[in-house]
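To be precise, the following lines are start.pdb, and they hold PDB, C-alpha atoms.
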```pdb
ATOM      1  CA  MET R  20       2.644  -1.919  21.167
ATOM      2  CA  LYS R  21      -0.015  -4.306  20.054
ATOM      3  CA  HIS R  22      -2.047  -4.206  16.857
ATOM      4  CA  SER R  23      -5.243  -2.630  18.152
ATOM      5  CA  SER R  24      -7.554  -2.423  15.145
ATOM      6  CA  LEU R  25     -10.401  -3.593  17.396
ATOM      7  CA  THR R  26     -11.047   0.015  18.364
ATOM      8  CA  CYS R  27     -11.142   1.185  14.741
ATOM      9  CA  SER R  28     -14.694   1.121  13.425
ATOM     10  CA  CYS R  29     -13.711   1.331   9.736
ATOM     11  CA  PHE R  30     -13.775  -1.646   7.390
ATOM     12  CA  GLU R  31     -10.383  -3.362   7.309
ATOM     13  CA  SER R  32      -8.922  -4.498   3.962
ATOM     14  CA  LYS R  33      -6.008  -6.903   3.511
ATOM     15  CA  PHE R  34      -3.655  -7.028   0.559
ATOM     16  CA  ILE R  35      -0.627  -9.169  -0.286
ATOM     17  CA  VAL R  36       2.235  -7.868  -2.408
ATOM     18  CA  THR R  37       5.381  -9.641  -3.552
ATOM     19  CA  SER R  38       8.760  -8.164  -2.665
ATOM     20  CA  PRO R  39      12.468  -9.023  -2.687
ATOM     21  CA  ILE R  40      12.169 -10.038   0.992
ATOM     22  CA  GLY R  41       9.075 -12.203   0.592
ATOM     23  CA  ASP R  42       5.362 -11.526   0.469
ATOM     24  CA  ILE R  43       4.212  -8.543   2.486
ATOM     25  CA  LYS R  44       0.717  -8.150   3.936
ATOM     26  CA  ILE R  45      -0.779  -4.656   4.030
ATOM     27  CA  VAL R  46      -3.753  -4.233   6.380
ATOM     28  CA  SER R  47      -5.574  -0.933   6.110
ATOM     29  CA  CYS R  48      -8.814   0.909   6.589
ATOM     30  CA  SER R  49      -9.827   4.028   4.702
ATOM     31  CA  GLU R  50      -8.220   6.176   7.433
ATOM     32  CA  GLY R  51      -4.760   4.588   7.407
ATOM     33  CA  LEU R  52      -2.571   1.533   7.689
ATOM     34  CA  HIS R  53      -3.142  -0.966  10.486
ATOM     35  CA  SER R  54      -0.036  -3.022   9.706
ATOM     36  CA  VAL R  55       2.618  -3.846   7.139
ATOM     37  CA  SER R  56       4.126  -7.245   7.908
ATOM     38  CA  PHE R  57       5.538 -10.435   6.476
ATOM     39  CA  SER R  58       2.530 -12.291   5.097
ATOM     40  CA  ASN R  59       3.203 -15.543   6.962
ATOM     41  CA  ASP R  60       5.850 -17.691   8.567
ATOM     42  CA  ASP R  61       6.767 -19.194   5.188
ATOM     43  CA  SER R  62       8.877 -16.070   4.627
ATOM     44  CA  LEU R  63      11.196 -17.316   7.387
ATOM     45  CA  GLN R  64      12.761 -19.534   4.729
ATOM     46  CA  ILE R  65      13.039 -16.721   2.172
ATOM     47  CA  THR R  66      16.276 -15.894   0.443
ATOM     48  CA  PRO R  67      16.071 -12.181  -0.397
ATOM     49  CA  ASP R  68      16.313 -11.445  -4.122
ATOM     50  CA  LYS R  69      16.508  -7.855  -5.405
ATOM     51  CA  HIS R  70      15.164  -8.992  -8.787
ATOM     52  CA  ILE R  71      11.715  -9.865  -7.399
ATOM     53  CA  PRO R  72       9.431  -6.883  -8.102
ATOM     54  CA  VAL R  73       6.796  -5.420  -5.821
ATOM     55  CA  LEU R  74       3.508  -6.553  -7.356
ATOM     56  CA  ALA R  75      -0.007  -6.892  -6.011
ATOM     57  CA  LYS R  76      -1.024 -10.547  -5.927
ATOM     58  CA  SER R  77      -4.184 -11.507  -7.802
ATOM     59  CA  ASN R  78      -6.319 -11.375  -4.649
ATOM     60  CA  SER R  79      -5.025  -7.833  -4.066
ATOM     61  CA  SER R  80      -6.019  -6.349  -7.431
ATOM     62  CA  ASN R  81      -8.394  -3.861  -5.764
ATOM     63  CA  ILE R  82      -5.580  -2.238  -3.758
ATOM     64  CA  THR R  83      -6.239   1.011  -5.652
ATOM     65  CA  GLU R  84      -9.650   1.229  -3.947
ATOM     66  CA  CYS R  85      -8.042   1.761  -0.531
ATOM     67  CA  SER R  86      -5.979   4.959  -0.620
ATOM     68  CA  PRO R  87      -3.662   4.263   2.365
ATOM     69  CA  ALA R  88      -2.932   0.730   1.071
ATOM     70  CA  GLU R  89      -2.261   2.047  -2.434
ATOM     71  CA  LYS R  90       0.117   4.675  -1.005
ATOM     72  CA  CYS R  91       1.888   1.922   0.930
ATOM     73  CA  TYR R  92       2.113  -0.209  -2.226
ATOM     74  CA  GLN R  93       3.673   2.711  -4.127
ATOM     75  CA  TRP R  94       5.993   3.447  -1.203
ATOM     76  CA  LEU R  95       7.195  -0.180  -1.214
ATOM     77  CA  LYS R  96       7.678  -0.124  -5.007
ATOM     78  CA  ASN R  97       9.824   3.019  -4.696
ATOM     79  CA  PHE R  98      11.767   1.552  -1.782
ATOM     80  CA  PHE R  99      12.823  -1.524  -3.742
ATOM     81  CA  SER R 100      12.957  -0.237  -7.335
ATOM     82  CA  LEU R 101      14.217   3.330  -6.824
ATOM     83  CA  ARG R 102      16.109   2.432  -3.640
ATOM     84  CA  LYS R 103      14.717   5.282  -1.621
ATOM     85  CA  ALA R 104      12.486   5.604   1.387
ATOM     86  CA  ASP R 105      10.130   8.507   0.977
ATOM     87  CA  PRO R 106      10.019  10.391   4.298
ATOM     88  CA  ASP R 107       6.347  11.080   3.553
ATOM     89  CA  ILE R 108       5.096   7.732   4.820
ATOM     90  CA  PRO R 109       1.600   6.418   4.069
ATOM     91  CA  PRO R 110      -1.011   7.439   6.648
ATOM     92  CA  LEU R 111      -1.250   5.284   9.750
ATOM     93  CA  CYS R 112      -4.621   4.597  11.363
ATOM     94  CA  GLN R 113      -4.869   6.663  14.527
ATOM     95  CA  PHE R 114      -6.068   3.649  16.519
ATOM     96  CA  VAL R 115      -3.005   1.482  15.888
ATOM     97  CA  MET R 116      -0.418   3.226  18.068
ATOM     98  CA  LYS R 117      -1.238   4.166  21.610
ATOM     99  CA  PRO R 118      -0.437   7.863  21.974
ATOM    100  CA  ASP R 119       1.851   9.170  24.690
ATOM    101  CA  THR R 120       3.758   5.916  25.203
ATOM    102  CA  PHE R 121       7.523   5.497  25.006
ATOM    103  CA  CYS R 122       7.022   2.832  22.333
ATOM    104  CA  SER R 123       4.974   5.210  20.193
ATOM    105  CA  LYS R 124       7.571   7.945  20.654
ATOM    106  CA  VAL R 125      10.350   5.590  19.513
ATOM    107  CA  LEU R 126       8.452   4.493  16.399
ATOM    108  CA  GLN R 127       7.581   8.080  15.486
ATOM    109  CA  CYS R 128      11.173   9.250  15.975
ATOM    110  CA  LEU R 129      12.867   6.430  14.053
ATOM    111  CA  PRO R 130      12.297   7.381  10.378
ATOM    112  CA  ALA R 131      13.990  10.773  10.816
ATOM    113  CA  ALA R 132      16.659   9.414  13.179
ATOM    114  CA  ALA R 133      17.785   6.708  10.734
ATOM    115  CA  PRO R 134      17.113   7.734   7.134
ATOM    116  CA  PHE R 135      17.615   5.353   4.192
ATOM    117  CA  GLY R 136      21.132   3.909   4.096
ATOM    118  CA  THR R 137      21.994   4.748   7.712
ATOM    119  CA  THR R 138      21.713   2.991  11.054
ATOM    120  CA  ILE R 139      21.245   4.016  14.661
ATOM    121  CA  SER R 140      21.956   2.075  17.843
ATOM    122  CA  TYR R 141      19.284   1.064  20.314
ATOM    123  CA  LYS R 142      21.108   3.210  22.878
ATOM    124  CA  ASP R 143      21.269   6.316  20.645
ATOM    125  CA  LEU R 144      17.601   5.980  19.735
ATOM    126  CA  ALA R 145      16.730   5.706  23.440
ATOM    127  CA  HIS R 146      18.740   8.878  24.071
ATOM    128  CA  LEU R 147      16.922  10.720  21.245
ATOM    129  CA  CYS R 148      13.619   9.691  22.809
ATOM    130  CA  GLY R 149      14.585  11.097  26.185
ATOM    131  CA  ASN R 150      15.747   8.071  28.176
ATOM    132  CA  VAL R 151      19.363   7.026  27.661
ATOM    133  CA  LYS R 152      18.836   3.921  29.832
ATOM    134  CA  ALA R 153      15.921   2.591  27.781
ATOM    135  CA  SER R 154      17.816   0.534  25.186
ATOM    136  CA  ARG R 155      15.821  -2.582  26.042
ATOM    137  CA  ALA R 156      12.554  -0.636  25.755
ATOM    138  CA  VAL R 157      13.682   0.484  22.293
ATOM    139  CA  GLY R 158      14.312  -3.168  21.446
ATOM    140  CA  HIS R 159      10.796  -3.992  22.584
ATOM    141  CA  ALA R 160       9.399  -1.184  20.420
ATOM    142  CA  MET R 161      11.298  -2.570  17.434
ATOM    143  CA  SER R 162      10.057  -6.123  18.024
ATOM    144  CA  SER R 163       6.454  -4.941  18.213
ATOM    145  CA  ASN R 164       6.645  -2.551  15.234
ATOM    146  CA  PRO R 165       3.541  -3.213  13.108
ATOM    147  CA  PHE R 166       4.958  -1.383  10.054
ATOM    148  CA  ILE R 167       8.039  -3.160   8.641
ATOM    149  CA  LEU R 168      10.115  -0.966   6.316
ATOM    150  CA  ILE R 169       7.732   2.013   6.720
ATOM    151  CA  ILE R 170       8.991   2.414  10.304
ATOM    152  CA  PRO R 171      12.537   1.139   9.601
ATOM    153  CA  CYS R 172      13.268  -1.066  12.610
ATOM    154  CA  HIS R 173      15.801  -2.929  10.455
ATOM    155  CA  ARG R 174      18.084   0.139  10.744
ATOM    156  CA  VAL R 175      18.412  -0.164  14.520
ATOM    157  CA  ILE R 176      21.586  -2.008  15.523
ATOM    158  CA  CYS R 177      23.629  -2.756  18.630
ATOM    159  CA  SER R 178      26.082  -0.149  19.990
ATOM    160  CA  ASN R 179      28.981  -2.482  19.163
ATOM    161  CA  GLY R 180      27.981  -2.495  15.484
ATOM    162  CA  GLU R 181      26.393  -5.940  15.503
ATOM    163  CA  VAL R 182      23.177  -6.183  13.532
ATOM    164  CA  GLY R 183      21.003  -7.368  16.403
ATOM    165  CA  ASN R 184      17.732  -9.181  15.899
ATOM    166  CA  TYR R 185      14.994  -8.682  13.328
ATOM    167  CA  ALA R 186      11.508 -10.137  13.662
ATOM    168  CA  LYS R 187      12.437 -11.508  17.089
ATOM    169  CA  GLY R 188      15.610 -13.028  15.633
ATOM    170  CA  ARG R 189      13.830 -15.131  13.023
ATOM    171  CA  ARG R 190      14.756 -12.971  10.017
ATOM    172  CA  ASN R 191      18.236 -11.694  10.798
ATOM    173  CA  THR R 192      19.428 -12.598   7.287
ATOM    174  CA  VAL R 193      16.673 -10.354   5.892
ATOM    175  CA  LYS R 194      17.814  -7.506   8.174
ATOM    176  CA  GLN R 195      21.407  -7.867   6.975
ATOM    177  CA  TRP R 196      20.219  -8.013   3.361
ATOM    178  CA  LEU R 197      18.146  -4.821   3.829
ATOM    179  CA  LEU R 198      21.092  -2.970   5.381
ATOM    180  CA  ASN R 199      23.369  -4.038   2.507
ATOM    181  CA  PHE R 200      20.668  -3.201  -0.052
ATOM    182  CA  GLU R 201      20.359   0.326   1.308
ATOM    183  CA  LYS R 202      24.133   0.865   1.553
ATOM    184  CA  GLU R 203      24.609  -0.176  -2.092
ATOM    185  CA  SER R 204      22.365   2.693  -3.199
TER     186      SER R 204
END
```
File written out as structure tokens:
Amino acid sequence: MKHSSLTCSCFESKFIVTSPIGDIKIVSCSEGLHSVSFSNDDSLQITPDKHIPVLAKSNSSNITECSPAEKCYQWLKNFFSLRKADPDIPPLCQFVMKPDTFCSKVLQCLPAAAPFGTTISYKDLAHLCGNVKASRAVGHAMSSNPFILIIPCHRVICSNGEVGNYAKGRRNTVKQWLLNFEKES
């Protein structure tokens, strides 16, 4: 699944917020989120720190003017400060996910399949989505997830209990930190 905001005709706003896992970029239009991602490759070197609050950076002070972005900001604040993932996720722009694809089905299924503090294997998620042999396709869906934390790809692990990769293997320490953070709650 590729970020496809090119088909969305709404104005796109970008906001940066701090977080315990590094700066997060929220891209949204008035209809919904386009992406929630690490703000740049500098976060590859990040050491997660639960004491870093979720705050809008100075260039993101107008986040309250974009309702989906503000809802995402509040969702992220609750995730890290209250240690809970609200199942009522911020609205997603209808043009971001291609409907009727296996990848879209996986991403839509994941939040309910692996609630806060739990994990699910690639294989079990494939089974829930109707194709027990599609573990690798689930992995692809996770690696192309445009909504980190909101669609909790960090909760998908290998059948043998190994953590597996996060952000194409570049942020595995962040994935492990997130899993531990949620289990401590």
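Candidate residues R:Pro130, R:Pro87, R:Gly41, R:Pro118 were compared for distance to R:Pro171, and the nearest is R:Pro130, using all atoms listed in the file.
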Fill in the blank from the handout: re atom CA of R:Phe135 and atom CA of R:Phe166: distance 15.5 Å
Practice task
Grab the atom CA of R:Ala186 to atom CA of R:Cys29 distance for me, in Å with one decimal place.
Solution key: 28.0 Å
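Of the listed residues R:Val46, R:Pro134, R:Ile167, R:Ser178, the one whose atoms come nearest to R:Ser154 is R:Ser178, with distances taken using only C-alpha atoms.
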Handout entry: Given all atoms listed in the file as the counted atoms, nearest of R:Ser77, R:Asn150, R:Thr66, R:Gln127 to R:Ile169
Key = R:Gln127
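When atom CA of R:Val115 is paired with atom CA of R:Ser32, their separation reads 14.6 Å.
Take the candidates R:Ser162, R:Tyr141, R:Met116, R:Glu50 and check each one against R:Asn179 using only C-alpha atoms; the shortest distance goes to R:Tyr141.
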Practice task
Would you kindly translate the PyMOL selection byres ((chain R and resi 44) around 12) into the concrete residues it picks from this file, as a ChimeraX atom specification?
Solution key: /R:32-38,40-43,45-47,52-60,62,73-76,78-79,82,88,91-92,95,165-167
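The nearest approach to R:Tyr185 among the residues R:Ser204, R:Ser49, R:Asn199, R:Ser163, with all atoms listed in the file taken into account, belongs to R:Ser163.
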Report as a PDB file with C-alpha atoms, in the coordinates of the input the residues that result from applying the PyMOL selection byres ((chain R and resi 69) around 12) to the structure here.
```pdb
ATOM      1  CA  THR R  37       5.381  -9.641  -3.552  1.00  0.00           C
ATOM      2  CA  SER R  38       8.760  -8.164  -2.665  1.00  0.00           C
ATOM      3  CA  PRO R  39      12.468  -9.023  -2.687  1.00  0.00           C
ATOM      4  CA  ILE R  40      12.169 -10.038   0.992  1.00  0.00           C
ATOM      5  CA  GLY R  41       9.075 -12.203   0.592  1.00  0.00           C
ATOM      6  CA  THR R  66      16.276 -15.894   0.443  1.00  0.00           C
ATOM      7  CA  PRO R  67      16.071 -12.181  -0.397  1.00  0.00           C
ATOM      8  CA  ASP R  68      16.313 -11.445  -4.122  1.00  0.00           C
ATOM      9  CA  HIS R  70      15.164  -8.992  -8.787  1.00  0.00           C
ATOM     10  CA  ILE R  71      11.715  -9.865  -7.399  1.00  0.00           C
ATOM     11  CA  PRO R  72       9.431  -6.883  -8.102  1.00  0.00           C
ATOM     12  CA  VAL R  73       6.796  -5.420  -5.821  1.00  0.00           C
ATOM     13  CA  LYS R  96       7.678  -0.124  -5.007  1.00  0.00           C
ATOM     14  CA  PHE R  98      11.767   1.552  -1.782  1.00  0.00           C
ATOM     15  CA  PHE R  99      12.823  -1.524  -3.742  1.00  0.00           C
ATOM     16  CA  SER R 100      12.957  -0.237  -7.335  1.00  0.00           C
ATOM     17  CA  LEU R 101      14.217   3.330  -6.824  1.00  0.00           C
ATOM     18  CA  ARG R 102      16.109   2.432  -3.640  1.00  0.00           C
ATOM     19  CA  VAL R 193      16.673 -10.354   5.892  1.00  0.00           C
ATOM     20  CA  TRP R 196      20.219  -8.013   3.361  1.00  0.00           C
ATOM     21  CA  LEU R 197      18.146  -4.821   3.829  1.00  0.00           C
ATOM     22  CA  ASN R 199      23.369  -4.038   2.507  1.00  0.00           C
ATOM     23  CA  PHE R 200      20.668  -3.201  -0.052  1.00  0.00           C
ATOM     24  CA  GLU R 201      20.359   0.326   1.308  1.00  0.00           C
ATOM     25  CA  GLU R 203      24.609  -0.176  -2.092  1.00  0.00           C
TER      26      GLU R 203
END
```
Exercise for the section: Can you give me, as a PyMOL selection string, the residues this file yields under the PyMOL selection byres ((chain R and resi 145) around 12)? Expected result: chain R and resi 121-122+124-126+128-129+132+139-144+146-161+175+177-178
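The closest residue to R:Gly136, picked from R:Leu198, R:Asn164, R:Gln113, R:Asn184 and counting all atoms listed in the file, is R:Leu198.
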